[in-house]
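Student: Mind looking over this structure? Questions follow.
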Amino acid sequence: MKQNRFHEASPTIDITIDEMGDEHVSTSIDTPLRADAFELSDEDKIEQIALHFGQIMDILGLDRTDDSLQGTPRRVAKMYVKEIFSGLNPANFPDIKLFENKYKYQQMLVEKNILFYSNCEHHFVPIIGKAHVAYISSGKVIGLSKINRIVQHFAKRPQVQERLTVQIAEALRKALETDDVAVVIDATHLCVSSRGVKDVNSSTVTSHFSGQFNEEARKTEFLKYIEL
């Protein structure tokens with residue numbers, strides 16, 4: 001019999017580095033970042049990533065003198081820093097402004113089907129999904145587009161879906177000044193569908209409920225709205 005890798009008596013996880021990627025293990029709620037993560041400017045990062053990505057292309061045997069490939073290292077580097085991993089930098093967090101709930105709306109507000117693109121931190125291949133978010137105002141409301149921007153900010157990192165779900169929820173709780181927040185994410189992982197087991201039909205669903213959304217009636221109402 002194969003030994004259970006998760007032991008109740010101890011938090012120690014007996015798992016290899018390769019297995020960690022395939023078993024979808026997350027090690028931290030916070031994105032793992034070094035203390036010097038933002039000492040380099042964006043342009044310096046682009047230059048260094050371009051250099052190293054060019055070396056990867058060389059190792060793979062690609063001819064970088066070809067017209068189609070000459071600009072690839074810098075294009076990839078710029079994409080990493082300015083686009084798909086721009087959420088690593090807290091300076092890029094969206095500017096959030098709250099407004100008085102003048103309508104005295106006391107029910108949940110649901111923003112569903114927020115399309116996002118992220119990347120699996122284990123294999124650096126895309127995660128494509130939809131986030132469904134709800135909150136109950138504590139007296140303040142937020143512009144609808146800001147909810148989308150918060151989701152996109154945390155998606156633009158190397159991610160694990162469980163962490164992404166919690167990060168979005170925690171950021172919304174802080175921004176909205178309320179504990180009454182719900183987040184559900186339904187996503188397809190290309191590390192599952194395009195490699196490894198190559199299952200193109202499955203998706204992964206994660207959720208986070210706090211405040212009133214821990215009450216069964218509120219939770220059921222929210223899930224009915226998103227019709228997942």
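Residues are named by chain letter and number: chains run A, B, ... in the order of the structure tokens, numbers start at 1 in each chain, and ligands are numbered from 1 in the order shown.
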Quick one: residues within 8 Å of A:Ile168, only C-alpha atoms, excluding same-chain residues fewer than 5 positions away - as an NGL selection string?

Tutor: :A and (150-151 or 154 or 183)

Student: Which polymer residues have any atom within 12 Å of an atom of A:Cys191, counting only C-alpha atoms, with same-chain residues fewer than 6 positions away left out, as a ChimeraX atom specification?

Tutor: /A:21-24,118-128,160,197-200,202-204

Student: Taking only C-alpha atoms into account, name the residue in A:Lys146, A:Arg64, A:His208, A:Arg74 that is nearest to A:His132.

Tutor: A:His208

Student: Using atom CA of A:Ile84 and atom CA of A:Gln159 as the two end points, give the distance in Å to one decimal.

Tutor: 11.1 Å

Student: Have a look at A:Ile114, A:Leu88, A:Ala134, A:Ala182 and name the one nearest to A:Arg34; count only C-alpha atoms.

Tutor: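 Of the candidates, the smallest distance to A:Arg34 is held by A:Leu88.
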